[in-house]
>>> print(open('protein-v8.tsv').read())   # TSV, C-alpha atoms
chain	number	residue	atom	x	y	z
A	1	MET	CA	0.00	0.00	0.00
A	2	ALA	CA	1.17	3.51	-0.79
A	3	THR	CA	0.24	6.89	0.62
A	4	VAL	CA	0.17	10.34	-0.94
A	5	ARG	CA	-0.56	13.68	0.75
A	6	VAL	CA	-1.60	16.89	-0.96
A	7	THR	CA	-3.23	20.15	0.01
A	8	GLY	CA	-6.29	21.55	-1.70
A	9	HIS	CA	-5.89	23.21	-5.09
A	10	ILE	CA	-8.50	24.36	-7.56
A	11	GLU	CA	-9.11	22.47	-10.80
A	12	ALA	CA	-6.89	24.79	-12.83
A	13	ASN	CA	-3.94	23.86	-10.64
A	14	LEU	CA	-4.76	20.28	-9.74
A	15	ASP	CA	-2.35	17.89	-8.03
A	16	THR	CA	-1.13	14.59	-9.41
A	17	LEU	CA	-1.70	11.83	-6.88
A	18	PHE	CA	-0.13	8.94	-8.79
A	19	THR	CA	-0.01	7.15	-12.14
A	20	VAL	CA	-1.25	3.60	-12.47
A	21	PRO	CA	1.46	1.33	-13.97
A	22	ALA	CA	0.94	-0.73	-17.09
A	23	HIS	CA	-0.88	-4.02	-16.50
A	24	LYS	CA	-2.36	-2.76	-13.20
A	25	LYS	CA	-5.47	-1.13	-11.82
A	26	ALA	CA	-5.40	1.10	-8.74
A	27	VAL	CA	-7.75	0.65	-5.82
A	28	LEU	CA	-8.31	3.19	-3.06
A	29	ASP	CA	-7.88	1.87	0.47
A	30	SER	CA	-8.87	5.00	2.35
A	31	VAL	CA	-9.13	8.77	2.02
A	32	ASP	CA	-8.62	11.20	4.92
A	33	ILE	CA	-9.48	14.86	4.52
A	34	ASP	CA	-8.70	17.44	7.19
A	35	ASN	CA	-10.55	20.64	6.45
A	36	GLN	CA	-9.39	23.63	8.49
A	37	SER	CA	-9.89	26.04	5.58
A	38	GLY	CA	-12.68	28.11	7.10
A	39	ALA	CA	-15.51	26.80	4.91
A	40	GLN	CA	-17.06	23.58	3.70
A	41	ARG	CA	-14.99	22.11	0.85
A	42	THR	CA	-15.57	19.63	-1.95
A	43	VAL	CA	-12.73	17.34	-3.02
A	44	TYR	CA	-12.58	15.53	-6.37
A	45	PHE	CA	-10.44	12.74	-7.88
A	46	ARG	CA	-10.00	12.64	-11.64
A	47	ASP	CA	-8.73	9.72	-13.76
A	48	VAL	CA	-7.11	10.53	-17.12
A	49	PHE	CA	-6.16	7.70	-19.45
A	50	THR	CA	-6.00	6.78	-23.10
A	51	PRO	CA	-7.87	3.60	-24.08
A	52	SER	CA	-6.37	1.07	-26.47
A	53	ALA	CA	-7.37	0.92	-30.11
A	54	SER	CA	-10.44	-1.24	-30.55
A	55	VAL	CA	-12.64	-2.28	-33.44
A	56	GLY	CA	-15.22	0.33	-32.46
A	57	THR	CA	-12.68	3.08	-31.76
A	58	PRO	CA	-9.54	2.54	-33.84
A	59	SER	CA	-7.98	5.88	-32.82
A	60	PRO	CA	-8.98	6.56	-29.22
A	61	ALA	CA	-8.47	9.94	-27.61
A	62	GLU	CA	-7.39	10.76	-24.08
A	63	THR	CA	-10.31	10.17	-21.74
A	64	THR	CA	-11.19	11.96	-18.49
A	65	ARG	CA	-13.43	10.50	-15.83
A	66	GLU	CA	-14.37	11.96	-12.44
A	67	ARG	CA	-14.06	9.00	-10.06
A	68	PHE	CA	-14.69	10.41	-6.60
A	69	GLN	CA	-16.25	13.44	-4.94
A	70	THR	CA	-16.98	14.27	-1.31
A	71	GLU	CA	-17.91	17.28	0.77
A	72	VAL	CA	-16.20	17.96	4.09
A	73	ALA	CA	-17.56	20.46	6.59
A	74	ASN	CA	-15.29	23.12	8.02
A	75	VAL	CA	-13.13	22.15	11.02
A	76	THR	CA	-13.80	18.50	10.30
A	77	THR	CA	-11.63	15.49	9.58
A	78	ALA	CA	-13.34	12.98	7.32
A	79	HIS	CA	-12.18	9.38	7.12
A	80	ILE	CA	-13.50	7.40	4.17
A	81	PRO	CA	-12.71	3.71	4.61
A	82	SER	CA	-12.20	1.09	1.93
A	83	THR	CA	-15.75	-0.18	2.40
A	84	GLN	CA	-17.01	3.10	0.95
A	85	LEU	CA	-14.46	3.08	-1.86
A	86	GLU	CA	-15.06	-0.44	-3.15
A	87	GLY	CA	-15.63	-0.68	-6.85
A	88	ILE	CA	-13.65	2.42	-7.74
A	89	GLN	CA	-11.03	1.21	-10.21
A	90	LEU	CA	-8.51	3.69	-11.49
A	91	LEU	CA	-6.74	3.28	-14.82
A	92	GLY	CA	-4.50	6.22	-15.64
A	93	THR	CA	-3.04	9.32	-14.02
A	94	ILE	CA	-5.00	10.26	-10.93
A	95	TYR	CA	-5.47	13.92	-10.05
A	96	CYS	CA	-6.97	15.65	-7.04
A	97	TYR	CA	-8.58	19.07	-6.86
A	98	ALA	CA	-10.94	21.03	-4.63
A	99	ASP	CA	-13.35	23.93	-4.89
A	100	ALA	CA	-10.74	26.25	-3.37
A	101	THR	CA	-7.00	26.46	-2.99
A	102	ASN	CA	-6.13	26.34	0.68
A	103	ALA	CA	-3.13	24.90	2.49
A	104	ALA	CA	-5.32	24.04	5.45
A	105	LEU	CA	-7.25	21.53	3.37
A	106	ILE	CA	-5.18	18.36	3.63
A	107	ILE	CA	-5.96	15.23	1.64
A	108	ILE	CA	-4.26	11.90	2.36
A	109	VAL	CA	-4.92	8.96	0.04
A	110	ASN	CA	-3.96	5.34	0.70
A	111	TYR	CA	-4.04	3.07	-2.36
A	112	HIS	CA	-2.58	-0.02	-3.94
A	113	PHE	CA	-2.20	-1.55	-7.39
A	114	GLU	CA	-3.54	-4.92	-8.39
B	115	MET	CA	-1.61	-27.17	-29.49
B	116	ILE	CA	-3.82	-26.34	-26.51
B	117	THR	CA	-4.11	-28.07	-23.14
B	118	GLU	CA	-6.22	-27.26	-20.13
B	119	LEU	CA	-6.37	-28.64	-16.63
B	120	SER	CA	-9.48	-29.22	-14.62
B	121	SER	CA	-10.61	-26.22	-12.67
B	122	LEU	CA	-10.30	-28.46	-9.63
B	123	PHE	CA	-6.61	-27.85	-9.93
B	124	SER	CA	-7.10	-24.16	-9.26
B	125	ARG	CA	-8.45	-25.01	-5.84
B	126	VAL	CA	-5.33	-26.87	-4.81
B	127	SER	CA	-2.93	-24.51	-6.49
B	128	THR	CA	-2.15	-22.82	-3.18
B	129	TYR	CA	0.37	-25.60	-2.82
B	130	THR	CA	1.47	-25.78	-6.44
B	131	LYS	CA	3.33	-23.16	-8.37
B	132	PRO	CA	2.51	-22.74	-12.06
B	133	GLU	CA	6.02	-23.97	-12.84
B	134	ASP	CA	5.15	-27.34	-11.34
B	135	ILE	CA	2.74	-28.21	-14.13
B	136	LEU	CA	4.94	-27.16	-17.05
B	137	LEU	CA	7.23	-29.34	-19.15
B	138	LYS	CA	10.54	-30.13	-17.52
B	139	LYS	CA	13.87	-31.60	-18.60
B	140	GLY	CA	13.30	-35.15	-19.80
B	141	GLY	CA	9.59	-34.61	-20.49
B	142	TRP	CA	8.16	-36.25	-23.62
B	143	VAL	CA	6.37	-34.35	-26.35
B	144	HIS	CA	4.58	-35.94	-29.30
B	145	PHE	CA	3.48	-33.91	-32.33
B	146	SER	CA	0.57	-35.55	-34.11
B	147	ASP	CA	0.97	-36.76	-37.68
B	148	GLN	CA	-1.58	-34.15	-38.79
B	149	TRP	CA	1.02	-31.40	-38.74
B	150	PRO	CA	1.74	-30.34	-42.34
B	151	ASP	CA	4.99	-30.96	-44.17
B	152	THR	CA	5.97	-27.33	-43.65
B	153	HIS	CA	6.73	-28.48	-40.10
B	154	ARG	CA	8.38	-31.73	-41.15
B	155	TRP	CA	10.91	-31.65	-38.30
B	156	ALA	CA	8.04	-32.03	-35.83
B	157	LYS	CA	5.33	-33.90	-37.76
B	158	GLY	CA	4.54	-37.24	-36.11
B	159	CYS	CA	7.74	-37.16	-34.05
B	160	VAL	CA	8.40	-37.71	-30.36
B	161	PHE	CA	10.87	-35.52	-28.51
B	162	ARG	CA	12.49	-35.29	-25.13
B	163	VAL	CA	12.96	-31.89	-23.49
B	164	LYS	CA	16.73	-31.52	-23.59
B	165	ASN	CA	17.28	-28.56	-21.32
B	166	GLN	CA	15.99	-27.39	-18.00
B	167	PRO	CA	13.38	-25.06	-19.46
B	168	ILE	CA	13.56	-21.34	-18.90
B	169	LEU	CA	10.39	-19.56	-17.86
B	170	VAL	CA	9.90	-16.09	-19.34
B	171	PRO	CA	7.10	-13.94	-17.93
B	172	TYR	CA	5.34	-11.35	-20.05
B	173	ALA	CA	2.09	-9.41	-19.94
B	174	VAL	CA	-0.13	-7.52	-22.31
B	175	THR	CA	-2.90	-5.08	-21.47
B	176	ARG	CA	-5.67	-3.47	-23.46
B	177	THR	CA	-8.00	-0.83	-22.03
B	178	LEU	CA	-11.21	-1.20	-24.00
B	179	PRO	CA	-14.60	0.51	-24.01
B	180	GLU	CA	-17.48	-1.70	-22.95
B	181	SER	CA	-19.17	-3.79	-25.66
B	182	ASP	CA	-16.09	-3.45	-27.86
B	183	TYR	CA	-13.17	-5.69	-28.70
B	184	ALA	CA	-9.62	-5.91	-29.96
B	185	ASP	CA	-7.58	-8.78	-31.35
B	186	ILE	CA	-4.05	-9.65	-30.34
B	187	ASP	CA	-1.84	-11.83	-32.52
B	188	LEU	CA	0.59	-13.93	-30.51
B	189	SER	CA	2.81	-14.82	-33.46
B	190	ASN	CA	5.91	-13.17	-34.88
B	191	ALA	CA	3.96	-11.61	-37.75
B	192	ALA	CA	4.07	-7.84	-38.20
B	193	GLY	CA	2.00	-6.30	-35.43
B	194	GLY	CA	2.07	-9.52	-33.43
B	195	LEU	CA	3.27	-9.93	-29.86
B	196	LEU	CA	6.31	-11.90	-31.18
B	197	LEU	CA	5.92	-14.79	-28.75
B	198	TYR	CA	6.87	-17.60	-31.15
B	199	PRO	CA	10.28	-19.34	-31.35
B	200	GLU	CA	12.57	-18.53	-34.24
B	201	SER	CA	14.31	-21.93	-34.48
B	202	GLU	CA	13.20	-25.44	-35.34
B	203	GLY	CA	13.56	-27.91	-32.50
B	204	VAL	CA	12.23	-25.42	-29.99
B	205	LEU	CA	8.82	-25.50	-28.32
B	206	TYR	CA	7.37	-22.63	-26.33
B	207	GLN	CA	4.81	-23.93	-23.88
B	208	THR	CA	2.90	-20.81	-22.90
B	209	ALA	CA	0.65	-20.59	-19.87
B	210	VAL	CA	-1.92	-17.83	-20.33
B	211	GLY	CA	-3.44	-16.33	-17.19
B	212	PHE	CA	-6.17	-13.74	-16.90
B	213	LYS	CA	-6.41	-10.90	-14.42
B	214	PRO	CA	-9.91	-10.38	-12.99
B	215	GLY	CA	-12.25	-8.17	-14.96
B	216	ASN	CA	-15.49	-7.85	-16.84
B	217	TYR	CA	-14.34	-9.41	-20.10
B	218	VAL	CA	-14.13	-12.61	-22.11
B	219	VAL	CA	-11.51	-13.94	-24.51
B	220	HIS	CA	-12.13	-15.85	-27.73
B	221	THR	CA	-9.48	-18.00	-29.41
B	222	TYR	CA	-8.75	-18.30	-33.11
B	223	ILE	CA	-6.06	-20.17	-35.03
B	224	PRO	CA	-5.36	-18.94	-37.60
B	225	SER	CA	-7.21	-15.63	-37.86
B	226	GLY	CA	-10.95	-16.14	-38.35
B	227	LYS	CA	-10.94	-19.87	-37.46
B	228	TYR	CA	-12.43	-20.31	-34.02
B	229	VAL	CA	-11.33	-23.15	-31.77
B	230	TYR	CA	-14.14	-23.46	-29.25
B	231	ASN	CA	-17.22	-24.07	-31.35
B	232	LEU	CA	-19.81	-26.85	-31.21
B	233	ALA	CA	-21.01	-29.18	-33.94
B	234	TYR	CA	-24.26	-27.39	-34.84
B	235	PRO	CA	-23.48	-24.98	-37.70
B	236	SER	CA	-24.64	-21.82	-35.93
B	237	MET	CA	-22.87	-22.62	-32.66
B	238	TYR	CA	-19.64	-20.72	-33.08
B	239	PRO	CA	-18.22	-17.87	-30.96
B	240	ASP	CA	-19.37	-14.45	-32.07
B	241	VAL	CA	-18.82	-11.32	-29.99
B	242	THR	CA	-21.55	-9.48	-31.89
B	243	SER	CA	-24.17	-11.92	-30.62
B	244	ALA	CA	-25.68	-11.42	-27.16
B	245	THR	CA	-25.61	-15.19	-26.61
B	246	LEU	CA	-22.75	-16.52	-28.73
B	247	ARG	CA	-20.23	-14.13	-27.20
B	248	TYR	CA	-20.22	-16.47	-24.22
B	249	LEU	CA	-19.73	-19.64	-26.30
B	250	GLY	CA	-16.18	-20.90	-25.99
B	251	ALA	CA	-15.18	-17.75	-24.16
B	252	LYS	CA	-12.39	-17.87	-21.62
B	253	GLU	CA	-12.52	-15.73	-18.51
B	254	TYR	CA	-10.62	-15.19	-15.28
B	255	ALA	CA	-11.91	-18.31	-13.52
B	256	ASP	CA	-10.75	-20.55	-16.37
B	257	SER	CA	-7.11	-19.60	-15.92
B	258	PRO	CA	-6.33	-17.19	-13.07
B	259	TYR	CA	-3.07	-15.33	-13.62
B	260	THR	CA	-1.75	-16.56	-10.30
B	261	ALA	CA	-2.23	-20.21	-11.31
B	262	PRO	CA	-2.72	-20.39	-15.08
B	263	LEU	CA	-4.31	-23.59	-16.33
B	264	TRP	CA	-4.59	-22.80	-20.04
B	265	HIS	CA	-1.53	-23.68	-22.12
B	266	LEU	CA	-0.80	-22.84	-25.74
B	267	TYR	CA	2.08	-24.39	-27.71
B	268	PHE	CA	4.15	-22.45	-30.22
B	269	ILE	CA	6.75	-23.64	-32.72
B	270	LYS	CA	8.54	-21.67	-35.42
B	271	ASP	CA	6.36	-20.38	-38.25
B	272	MET	CA	3.18	-22.13	-37.13
B	273	PRO	CA	-0.14	-20.35	-37.74
B	274	ALA	CA	-0.92	-17.38	-35.55
B	275	PHE	CA	-2.97	-17.72	-32.42
B	276	ILE	CA	-5.37	-14.77	-32.27
B	277	LEU	CA	-7.02	-13.82	-28.98
B	278	ARG	CA	-10.10	-11.61	-29.23
B	279	LEU	CA	-10.55	-9.56	-26.06
B	280	TYR	CA	-14.13	-8.42	-25.52
B	281	ALA	CA	-15.07	-5.95	-22.77
B	282	LEU	CA	-18.53	-6.82	-21.50
B	283	ALA	CA	-21.14	-4.13	-20.99
B	284	GLY	CA	-21.60	-2.33	-17.68
B	285	VAL	CA	-18.15	-0.99	-16.82
B	286	GLU	CA	-17.67	1.81	-19.40
B	287	PHE	CA	-13.99	0.87	-19.71
B	288	GLU	CA	-12.21	-2.35	-18.78
B	289	ARG	CA	-8.50	-2.90	-18.39
B	290	ILE	CA	-7.81	-6.41	-19.68
B	291	THR	CA	-4.49	-7.94	-18.71
B	292	LEU	CA	-3.19	-11.30	-19.88
B	293	VAL	CA	-0.13	-12.70	-18.13
B	294	PHE	CA	2.04	-15.11	-20.10
B	295	LYS	CA	4.55	-17.59	-18.68
B	296	ILE	CA	6.57	-18.83	-21.63
B	297	ASN	CA	8.35	-22.12	-20.93
B	298	LYS	CA	11.19	-22.30	-23.47
B	299	CYS	CA	11.98	-25.95	-24.25
B	300	VAL	CA	14.77	-27.26	-26.48
B	301	LEU	CA	13.64	-30.57	-27.98
B	302	GLU	CA	15.74	-33.65	-28.74
B	303	LYS	CA	14.22	-36.14	-31.16
B	304	ILE	CA	13.66	-39.72	-29.97
B	305	GLU	CA	14.23	-41.89	-33.01
B	306	ASN	CA	12.46	-45.03	-31.81
B	307	PRO	CA	9.91	-44.07	-29.17
B	308	THR	CA	8.54	-46.85	-27.02
B	309	ALA	CA	4.85	-47.50	-26.54
B	310	GLU	CA	5.14	-45.99	-23.09
B	311	MET	CA	6.63	-42.81	-24.50
B	312	LEU	CA	3.84	-42.52	-27.04
B	313	ASP	CA	1.24	-43.19	-24.37
B	314	LYS	CA	2.57	-40.81	-21.75
B	315	SER	CA	3.95	-38.00	-23.88
B	316	LEU	CA	2.26	-34.63	-24.16
B	317	LEU	CA	0.35	-34.66	-27.46
B	318	VAL	CA	0.58	-31.44	-29.44
B	319	GLN	CA	-2.11	-31.48	-32.09
B	320	TRP	CA	-2.48	-29.54	-35.33
B	321	TYR	CA	-5.22	-26.93	-35.06
B	322	SER	CA	-7.62	-28.72	-37.43
B	323	GLU	CA	-7.75	-31.60	-34.95
B	324	LEU	CA	-9.26	-29.31	-32.31
B	325	THR	CA	-12.48	-28.66	-34.25
B	326	GLY	CA	-14.83	-30.38	-36.67
B	327	PHE	CA	-16.62	-32.71	-34.26
>>> encode(input="protein-v8.tsv", output="structure tokens")
Amino acid sequence: MATVRVTGHIEANLDTLFTVPAHKKAVLDSVDIDNQSGAQRTVYFRDVFTPSASVGTPSPAETTRERFQTEVANVTTAHIPSTQLEGIQLLGTIYCYADATNAALIIIVNYHFE
Amino acid sequence: MITELSSLFSRVSTYTKPEDILLKKGGWVHFSDQWPDTHRWAKGCVFRVKNQPILVPYAVTRTLPESDYADIDLSNAAGGLLLYPESEGVLYQTAVGFKPGNYVVHTYIPSGKYVYNLAYPSMYPDVTSATLRYLGAKEYADSPYTAPLWHLYFIKDMPAFILRLYALAGVEFERITLVFKINKCVLEKIENPTAEMLDKSLLVQWYSELTGF
């Protein structure tokens, strides 16, 4: 299992959490969000990948999918366990962003590849 | 050309590594007499594995949209995965394992000629059919990548195995990963095989022997 920590940034300046290696999928084990930013915040995870050529789509383009979103009240630490993250499979480069840039919004993600 | 073990084996594989069920030094291999003359060195002959085989792992992945498919050619043809030997007297026994996912795999040899059909004329694998896409389709449980049970056999210049990977509906995109364990065997011809050798050797059939009944 691996861990990555970022602080909240808006979508235009999003953070890279990790990139899923070839021949693997990524699974989230837990997400912890400490929001001391002064307001309720929304945190998003984005998955960007390029599919393989297929019969239906011989020349695929880069694809973006929003995989996760949660709201955290001000002065709150949210813990989202694996039981609430089951079924989220990540394929490409995983980004994190929030509805505001604030160093007091801390996001810690535990994940593994399989 | 293809061998499979009972799925029962997958339940005891905790105690058996995939390497334990592959050809080893001294193992006997018998090519059927249906192999064409273009493979005269192997046709109808019995061989002993001369070396302690070398196991080469490899993997291939395709990320496909749901209800769509892609073919992969395992041979050394242009655009193929290049998994075949380049010398006569060499056999690559290749265990193919599947990672879990919402997909099925169809097998052709050569391109367009399906292996896992049934006798009735319309009972052949077809990914465009809502029912026939499951006919003869391999999936994770048939050969888990941690204990692969499905073996393909490659010799130099033999027809291409084509695997058609089909992402089933309901997942939007599926990452399909096949894990290969290629057991590289150097073969030594046995000029006068005994009845026991013929009886106990691994039979490698020509692809036309796998269908038509």
>>> residues_around(input="protein-v8.tsv", residues="B:Gly141", least_positions_apart="5", cutoff="8 Å", atoms="all atoms listed in the file", output="list in words")
Arg162, Val163 and Ser315 of chain B
>>> closest_residue(input="protein-v8.tsv", among="A:Asn102, A:Gln84, A:Thr76, A:Thr64", to="chain B", atoms="only C-alpha atoms")
A:Thr64
>>> atom_distance(input="protein-v8.tsv", atom1="atom CA of A:Tyr95", atom2="atom CA of A:Asn13")
10.1 Å
>>> closest_atom_pairs(input="protein-v8.tsv", of="chain B", to="chain A", cutoff="9 Å", atoms="all atoms listed in the file", output="CSV")
residue,atom,partner,partner_atom,distance
B:Ala173,CA,A:His23,CA,7.1
B:Val174,CA,A:His23,CA,6.8
B:Thr175,CA,A:His23,CA,5.5
B:Arg176,CA,A:Ser52,CA,5.5
B:Thr177,CA,A:Pro51,CA,4.9
B:Leu178,CA,A:Pro51,CA,5.8
B:Pro179,CA,A:Pro51,CA,7.4
B:Ser181,CA,A:Gly56,CA,8.9
B:Asp182,CA,A:Gly56,CA,6.0
B:Tyr183,CA,A:Ser54,CA,5.5
B:Ala184,CA,A:Ser54,CA,4.8
B:Asp185,CA,A:Ser54,CA,8.1
B:Lys213,CA,A:Glu114,CA,9.0
B:Phe287,CA,A:Pro51,CA,8.0
B:Glu288,CA,A:Leu91,CA,8.8
B:Arg289,CA,A:Leu91,CA,7.4
B:Ile290,CA,A:His23,CA,8.0
B:Thr291,CA,A:His23,CA,5.8
B:Leu292,CA,A:His23,CA,8.4
B:Val293,CA,A:His23,CA,8.9
>>> atom_distance(input="protein-v8.tsv", atom1="atom CA of B:Gly326", atom2="atom CA of B:Leu246")
17.8 Å
>>> residues_around(input="protein-v8.tsv", residues="B:Ser243", least_positions_apart="5", cutoff="12 Å", atoms="all atoms listed in the file", output="number ranges by chain")
B: 181, 236-238, 248-249, 280, 282
>>> closest_residue(input="protein-v8.tsv", among="B:Ala233, B:Ile168, B:Ala244, B:Ala281", to="B:Leu136", atoms="all atoms listed in the file")
B:Ile168
>>> atom_distance(input="protein-v8.tsv", atom1="atom CA of B:Pro167", atom2="atom CA of B:Leu196")
19.0 Å
>>> closest_residue(input="protein-v8.tsv", among="B:Gln148, B:Thr308, B:Thr117, B:Ser201", to="B:Ile135", atoms="all atoms listed in the file")
B:Thr117
>>> closest_residue(input="protein-v8.tsv", among="A:Ile10, A:Glu71, A:Phe113, A:Ile94", to="A:Thr42", atoms="only C-alpha atoms")
A:Glu71
>>> residues_around(input="protein-v8.tsv", residues="B:Lys157", least_positions_apart="4", cutoff="6 Å", atoms="all atoms listed in the file", output="mmCIF file with C-alpha atoms, in the coordinates of the input")
data_model
loop_
_atom_site.group_PDB
_atom_site.id
_atom_site.type_symbol
_atom_site.label_atom_id
_atom_site.label_comp_id
_atom_site.auth_asym_id
_atom_site.auth_seq_id
_atom_site.Cartn_x
_atom_site.Cartn_y
_atom_site.Cartn_z
ATOM 1 C CA PHE B 145 3.480 -33.910 -32.330
ATOM 2 C CA ASP B 147 0.970 -36.760 -37.680
ATOM 3 C CA TRP B 149 1.020 -31.400 -38.740
#
>>> closest_residue(input="protein-v8.tsv", among="A:Arg67, A:His79, A:His9, A:His112", to="A:Arg41", atoms="only C-alpha atoms")
A:His9
>>> axis_aligned_box(input="protein-v8.tsv", around="stretch 42-49 of chain A", padding_each_side="5 Å", output="JSON")
{"center_x": -10.9, "center_y": 13.7, "center_z": -10.7, "size_x": 19.4, "size_y": 21.9, "size_z": 27.5}
>>> residues_around(input="protein-v8.tsv", residues="B:Trp320", least_positions_apart="3", cutoff="12 Å", atoms="only C-alpha atoms", output="list in words")
Met115, Ile116, His144, Phe145, Ser146, Asp147, Gln148, Trp149, Pro150, Asp151, His153, Ala156, Lys157, Gly158, Ile223, Pro224, Val229, Leu266, Tyr267, Phe268, Ile269, Met272, Pro273, Leu317, Glu323, Leu324 and Thr325 of chain B
